[in-house]
Amino acid sequence: MPEVQALVSDAYTAYSKGDLAAAERLLAAALQQSANNVEARVLLGIVCARKGDRETAVINLQQALALDPKCYEAHIALSTILFACGQPDQAINHGQRAIDLQPSDPESYHHLARDLIAHERADAAVPYLRKALQLAPTKASLIQDLAAALTDIGQLRESLELWQKLTRLHPRFITGWIKLGGMYLASRDFTEAGNCGRKATSLNPNSAEAHIVAGLALLGGGEAHKAEVHFRRAIELSPNEMVAQSAYGLALHEMGRFDEARPYFERALELRPTHGQSYYSLIRTRKTTAEDRPLLDKLAAHLDDAGASLLDRSYMHYALGKANEDLGDFEVSMRHYDEATCMAEQAWFSQRPPDRARYSEVIQATIETFTPSLLQSLDRQVQNSQKPLLVVGMIRSGTTLVEQILSSHPKIKGAGELTYWHDKAASAFDYKARQIDERALTEMAVGYLELLDHLGPGYERVIDKLPHNYAMLGLVLAAMPSARVIYVKRNAIDNCLSIYTTAYQHPPAFTLSRSNILFGYREHERIMAHWKSVLPSSQLMEVNYEDLIGKHEEVIRAMVDFAGLEWDDACLHHEQNEKSVNTPSVWQVRQPIYKTSVERWRRFEPWLGEFGELKHMVPFAQP
């Protein structure tokens, strides 16, 4: 009869090959000869767990520990199995006991951390991962798991640093580049995300994930035409990758190819029926009609699915809000918009609500600092350039339409929404001390002009249309006195209603509730009143959105003249402009000038709520 150790060895071999039945028979024979063989008990427990018989697995492992309380392998196995049995406290006790037995082995900490992460306890896993990483500071799997856990608990800065460390230590580890690219995408740093995407695709040109990162970086940077190539390749490599399908649809959508985009959104929804953003994008490809009722019924049926996240459900409600508005059922439409914004606010702002006090403080400091005398006294040594053309205003006021019109001119390049001034403002303006650093201001101007030259080589004007640049016009024009600013102003209620009823991939701070929007709008009015009082008409032009719609040629000619350029008829046909548009206005700016967005608020008048406070600002006579 074979010796016990030989039977156990053969059982290990069978287990490693996946032959669980043979392993179980061999271990039963071993235990029949030696019932107190700890190694056989532990392996039998592991085999039973793999077969799904957790109860028998626990019994065998507990018997092993009764024979040898210091059996490391038994504690490790019991920890994993008890987590799966829904006994986390006992599982952690066994995991901690394994650590006590081998405190200098990083794997003992890592094992417990992995079990905690698998059962959605990332917060509890982090201390164990930190300790493991102290013991093995270059181990790729440890860095990866700690970075992912930190992301799960919202510690994004440290997570980013760890992914950066991983790519430095293991530059050929493609997962590191893909995850780091994803972190940059989440923070809207599309330049760095693009660098990661290029590195990942160079390491493995056949990685669908790498192509998705590269494509999303290009899409975020306003280069949908280039992104299309990556998304098409990702779909070729992985036809069932939902993200690739949805992202390709978004790229086509941003290029104005709405009919082409629809099948990709539909395919994404086949792969994930609760993907709210794909529903929203699909609804936005055209005006909803009665023929779309089956789609709306399907959408509504998934609103309460357990697999739908809060953001998924929010997007679904936005989609139903837009669809019912198209169909003329404005009460139902508003009900869905209310649900959508409530869910979006909870998802985005519940942990970090917008800081109204600080925002008001910065606005007040800006008003007190950027006086006419200060703007005249600054020693601006940078060479003046007329290349910068800023388009500012509240979001949803028409800034995208103005950019699309003006960038139709052959001498004007639309660069999209550049975050340059927001990223660097603190280096030149200490709002608490009300002080300007003139040297930093000069450096910012030089850097900005270099950026515009890079984005629009050969163009006489380059448009930066980040709407919120309105808050720092003093800084911009102090740095570059020859820059020009077009301020787009829209009917207050229409503007606020549009902000409220729009879904955002990354919502600005003062959105997602009526009170937040009203606060943001009033602060915007306050700072713009200041700029209009201190800036000359040669630097600041106000364009009324309603005039742009109602007297479009007259207003467009005035804007081109303000930009200091000769007239070009292409500006009257902005819908033919092939520049990709990655703002919520993408569908609207692909259409000829239309008037249905003017006084839109009247359709929703009974349900305006706090927005009704803005009626005194309506520039039109009440009917």
# chains A, B, ... in the order shown; residues from 1 in each chain; ligands from 1
call {"tool": "residues_around", "arguments": {"residues": "region 316-321 of chain A", "least_positions_apart": "6", "cutoff": "8 Å", "atoms": "only C-alpha atoms", "output": "number ranges by chain"}}
result
A: 276-277, 279-281, 283-284, 296, 299-300, 303, 332-337, 339-340, 501-503
call {"tool": "residues_around", "arguments": {"residues": "Phe519 (chain A)", "least_positions_apart": "4", "cutoff": "8 Å", "atoms": "only C-alpha atoms", "output": "ChimeraX atom specification"}}
result
/A:356,510,515,523
call {"tool": "closest_residue", "arguments": {"among": "A:Gly520, A:Val534, A:Asp152, A:Leu31", "to": "Ile367 (chain A)", "atoms": "only C-alpha atoms"}}
result
A:Val534
call {"tool": "closest_residue", "arguments": {"among": "A:Gln505, A:Thr511, A:Thr399, A:Thr369", "to": "Ala433 (chain A)", "atoms": "only C-alpha atoms"}}
result
A:Thr369
call {"tool": "select_by_dssp", "arguments": {"residues": "region 14-158 of chain A", "states": "alpha helix (DSSP H)", "output": "PyMOL selection string"}}
result
chain A and resi 14-16+20-33+38-51+54-67+72-84+88-101+106-118+122-135+140-152+156-158
call {"tool": "residues_around", "arguments": {"residues": "region 479-488 of chain A", "least_positions_apart": "2", "cutoff": "6 Å", "atoms": "only C-alpha atoms", "output": "list in words"}}
result
Asn384, Ser385, Gln386, Pro388, Leu389, Leu390, Val391, Val392, Gly393, Leu441, Ala445, Val476, Leu477, Gln539, Leu540, Met541, Glu542, Val543 and Asn544 of chain A
call {"tool": "residues_around", "arguments": {"residues": "Leu116 (chain A)", "least_positions_apart": "2", "cutoff": "10 Å", "atoms": "only C-alpha atoms", "output": "list in words"}}
result
Ser79, Thr80, Phe83, Pro88, Ala91, Ile92, His110, His111, Leu112, Ala113, Arg114, Ala118, His119, Glu120, Arg121, Ala122, Asp123, Ala124, Ala125, Val126 and Tyr128 of chain A
call {"tool": "closest_residue", "arguments": {"among": "A:Ile405, A:Ile153, A:Ala471, A:Ile412", "to": "Val555 (chain A)", "atoms": "only C-alpha atoms"}}
result
A:Ile405
call {"tool": "residues_around", "arguments": {"residues": "Cys342 (chain A)", "least_positions_apart": "6", "cutoff": "9 Å", "atoms": "only C-alpha atoms", "output": "list in words"}}
result
Ser314, Leu512 and Ser513 of chain A
call {"tool": "write_last_selection", "arguments": {"atoms": "N, CA and C atoms", "output": "short mmCIF file (atom, residue, chain, number, x, y, z; two decimals), in the first residue's frame"}}
result
data_model
loop_
_atom_site.label_atom_id
_atom_site.label_comp_id
_atom_site.auth_asym_id
_atom_site.auth_seq_id
_atom_site.Cartn_x
_atom_site.Cartn_y
_atom_site.Cartn_z
N SER A 314 -29.23 57.83 -13.46
CA SER A 314 -29.31 59.26 -13.73
C SER A 314 -29.34 59.53 -15.23
N LEU A 512 -26.53 70.65 -11.15
CA LEU A 512 -27.20 69.48 -10.56
C LEU A 512 -28.21 69.79 -9.47
N SER A 513 -28.45 71.05 -9.18
CA SER A 513 -29.60 71.41 -8.33
C SER A 513 -29.97 72.84 -8.66
#
call {"tool": "closest_residue", "arguments": {"among": "A:Ser533, A:Thr400, A:Gln346, A:Thr341", "to": "Ile517 (chain A)", "atoms": "only C-alpha atoms"}}
result
A:Thr341
call {"tool": "closest_residue", "arguments": {"among": "A:Ala193, A:Ile556, A:Ala365, A:Leu565", "to": "Lys387 (chain A)", "atoms": "only C-alpha atoms"}}
result
A:Leu565
call {"tool": "closest_residue", "arguments": {"among": "A:Arg172, A:Glu24, A:Asn206, A:Leu216", "to": "Ser238 (chain A)", "atoms": "only C-alpha atoms"}}
result
A:Asn206
call {"tool": "residues_around", "arguments": {"residues": "Ala425 (chain A)", "least_positions_apart": "4", "cutoff": "10 Å", "atoms": "only C-alpha atoms", "output": "list in words"}}
result
Tyr420, Trp421, Phe429, Asp430, Tyr431, Ala440, Leu441, Met444, Met472, Leu475 and Val476 of chain A
call {"tool": "residues_around", "arguments": {"residues": "Trp531 (chain A)", "least_positions_apart": "5", "cutoff": "9 Å", "atoms": "only C-alpha atoms", "output": "compact mmCIF listing (two decimals) with C-alpha atoms, in the first residue's frame"}}
result
# COMPACT_ATOMS: atom_id res chain seq x y z
CA ILE A 367 -13.27 92.25 -8.06
CA PHE A 370 -8.41 93.81 -10.69
CA TYR A 470 -15.09 84.58 -17.32
CA LEU A 473 -10.54 87.74 -17.32
CA GLY A 474 -8.55 90.25 -15.31
CA PRO A 536 -12.73 98.53 -22.74
CA LEU A 540 -14.58 92.66 -24.38
call {"tool": "atom_distance", "arguments": {"atom1": "CA of Leu180 (chain A)", "atom2": "CA of Ala149 (chain A)"}}
result
14.0 Å
call {"tool": "decode", "arguments": {"residues": "region 234-247 of chain A", "atoms": "all heavy atoms", "output": "short mmCIF file (atom, residue, chain, number, x, y, z; two decimals), in the first residue's frame"}}
result
data_model
loop_
_atom_site.label_atom_id
_atom_site.label_comp_id
_atom_site.auth_asym_id
_atom_site.auth_seq_id
_atom_site.Cartn_x
_atom_site.Cartn_y
_atom_site.Cartn_z
N ALA A 234 -10.04 48.53 -31.49
CA ALA A 234 -10.46 47.88 -30.25
C ALA A 234 -11.63 46.94 -30.49
O ALA A 234 -11.69 45.83 -29.95
CB ALA A 234 -10.81 48.92 -29.20
N ILE A 235 -12.56 47.37 -31.33
CA ILE A 235 -13.73 46.54 -31.63
C ILE A 235 -13.33 45.33 -32.45
O ILE A 235 -13.85 44.22 -32.26
CB ILE A 235 -14.81 47.38 -32.34
CG1 ILE A 235 -15.42 48.39 -31.34
CG2 ILE A 235 -15.90 46.50 -32.93
CD1 ILE A 235 -16.33 49.40 -31.98
N GLU A 236 -12.38 45.50 -33.37
CA GLU A 236 -11.88 44.36 -34.14
C GLU A 236 -11.26 43.32 -33.20
O GLU A 236 -11.45 42.12 -33.38
CB GLU A 236 -10.84 44.82 -35.15
CG GLU A 236 -11.40 45.63 -36.31
CD GLU A 236 -10.30 46.22 -37.18
OE1 GLU A 236 -9.11 46.03 -36.84
OE2 GLU A 236 -10.63 46.88 -38.19
N LEU A 237 -10.51 43.79 -32.20
CA LEU A 237 -9.84 42.90 -31.27
C LEU A 237 -10.79 42.28 -30.26
O LEU A 237 -10.60 41.14 -29.83
CB LEU A 237 -8.73 43.66 -30.54
CG LEU A 237 -7.55 44.12 -31.38
CD1 LEU A 237 -6.72 45.15 -30.64
CD2 LEU A 237 -6.68 42.92 -31.77
N SER A 238 -11.80 43.05 -29.86
CA SER A 238 -12.71 42.58 -28.81
C SER A 238 -14.13 43.06 -29.12
O SER A 238 -14.58 44.08 -28.58
CB SER A 238 -12.24 43.10 -27.45
OG SER A 238 -13.05 42.60 -26.41
N PRO A 239 -14.85 42.35 -29.99
CA PRO A 239 -16.18 42.80 -30.43
C PRO A 239 -17.20 42.93 -29.29
O PRO A 239 -18.18 43.66 -29.43
CB PRO A 239 -16.62 41.71 -31.42
CG PRO A 239 -15.35 41.04 -31.85
CD PRO A 239 -14.44 41.11 -30.66
N ASN A 240 -16.96 42.24 -28.20
CA ASN A 240 -17.92 42.28 -27.09
C ASN A 240 -17.49 43.23 -25.98
O ASN A 240 -17.99 43.15 -24.86
CB ASN A 240 -18.11 40.87 -26.52
CG ASN A 240 -18.80 39.95 -27.51
OD1 ASN A 240 -19.61 40.39 -28.32
ND2 ASN A 240 -18.46 38.67 -27.47
N GLU A 241 -16.56 44.12 -26.28
CA GLU A 241 -16.12 45.12 -25.30
C GLU A 241 -17.07 46.31 -25.36
O GLU A 241 -17.06 47.10 -26.31
CB GLU A 241 -14.68 45.55 -25.60
CG GLU A 241 -14.17 46.69 -24.75
CD GLU A 241 -14.32 46.45 -23.27
OE1 GLU A 241 -13.64 45.54 -22.75
OE2 GLU A 241 -15.12 47.17 -22.63
N MET A 242 -17.91 46.42 -24.34
CA MET A 242 -18.94 47.45 -24.33
C MET A 242 -18.37 48.86 -24.41
O MET A 242 -18.89 49.71 -25.13
CB MET A 242 -19.79 47.30 -23.07
CG MET A 242 -21.03 48.21 -23.01
SD MET A 242 -20.73 49.94 -22.55
CE MET A 242 -20.04 49.72 -20.91
N VAL A 243 -17.29 49.11 -23.67
CA VAL A 243 -16.71 50.46 -23.64
C VAL A 243 -16.26 50.89 -25.03
O VAL A 243 -16.46 52.03 -25.44
CB VAL A 243 -15.54 50.53 -22.65
CG1 VAL A 243 -14.86 51.89 -22.72
CG2 VAL A 243 -16.03 50.27 -21.23
N ALA A 244 -15.68 49.97 -25.79
CA ALA A 244 -15.22 50.29 -27.14
C ALA A 244 -16.41 50.65 -28.03
O ALA A 244 -16.34 51.60 -28.83
CB ALA A 244 -14.45 49.11 -27.73
N GLN A 245 -17.49 49.92 -27.91
CA GLN A 245 -18.68 50.20 -28.73
C GLN A 245 -19.25 51.57 -28.41
O GLN A 245 -19.52 52.38 -29.30
CB GLN A 245 -19.74 49.11 -28.49
CG GLN A 245 -19.35 47.71 -28.90
CD GLN A 245 -19.39 47.48 -30.39
OE1 GLN A 245 -19.93 48.29 -31.15
NE2 GLN A 245 -18.82 46.37 -30.85
N SER A 246 -19.41 51.85 -27.11
CA SER A 246 -19.98 53.13 -26.71
C SER A 246 -19.05 54.29 -27.08
O SER A 246 -19.50 55.34 -27.55
CB SER A 246 -20.24 53.12 -25.20
OG SER A 246 -20.81 54.33 -24.77
N ALA A 247 -17.74 54.10 -26.86
CA ALA A 247 -16.78 55.17 -27.16
C ALA A 247 -16.72 55.46 -28.65
O ALA A 247 -16.61 56.63 -29.06
CB ALA A 247 -15.41 54.78 -26.64
#
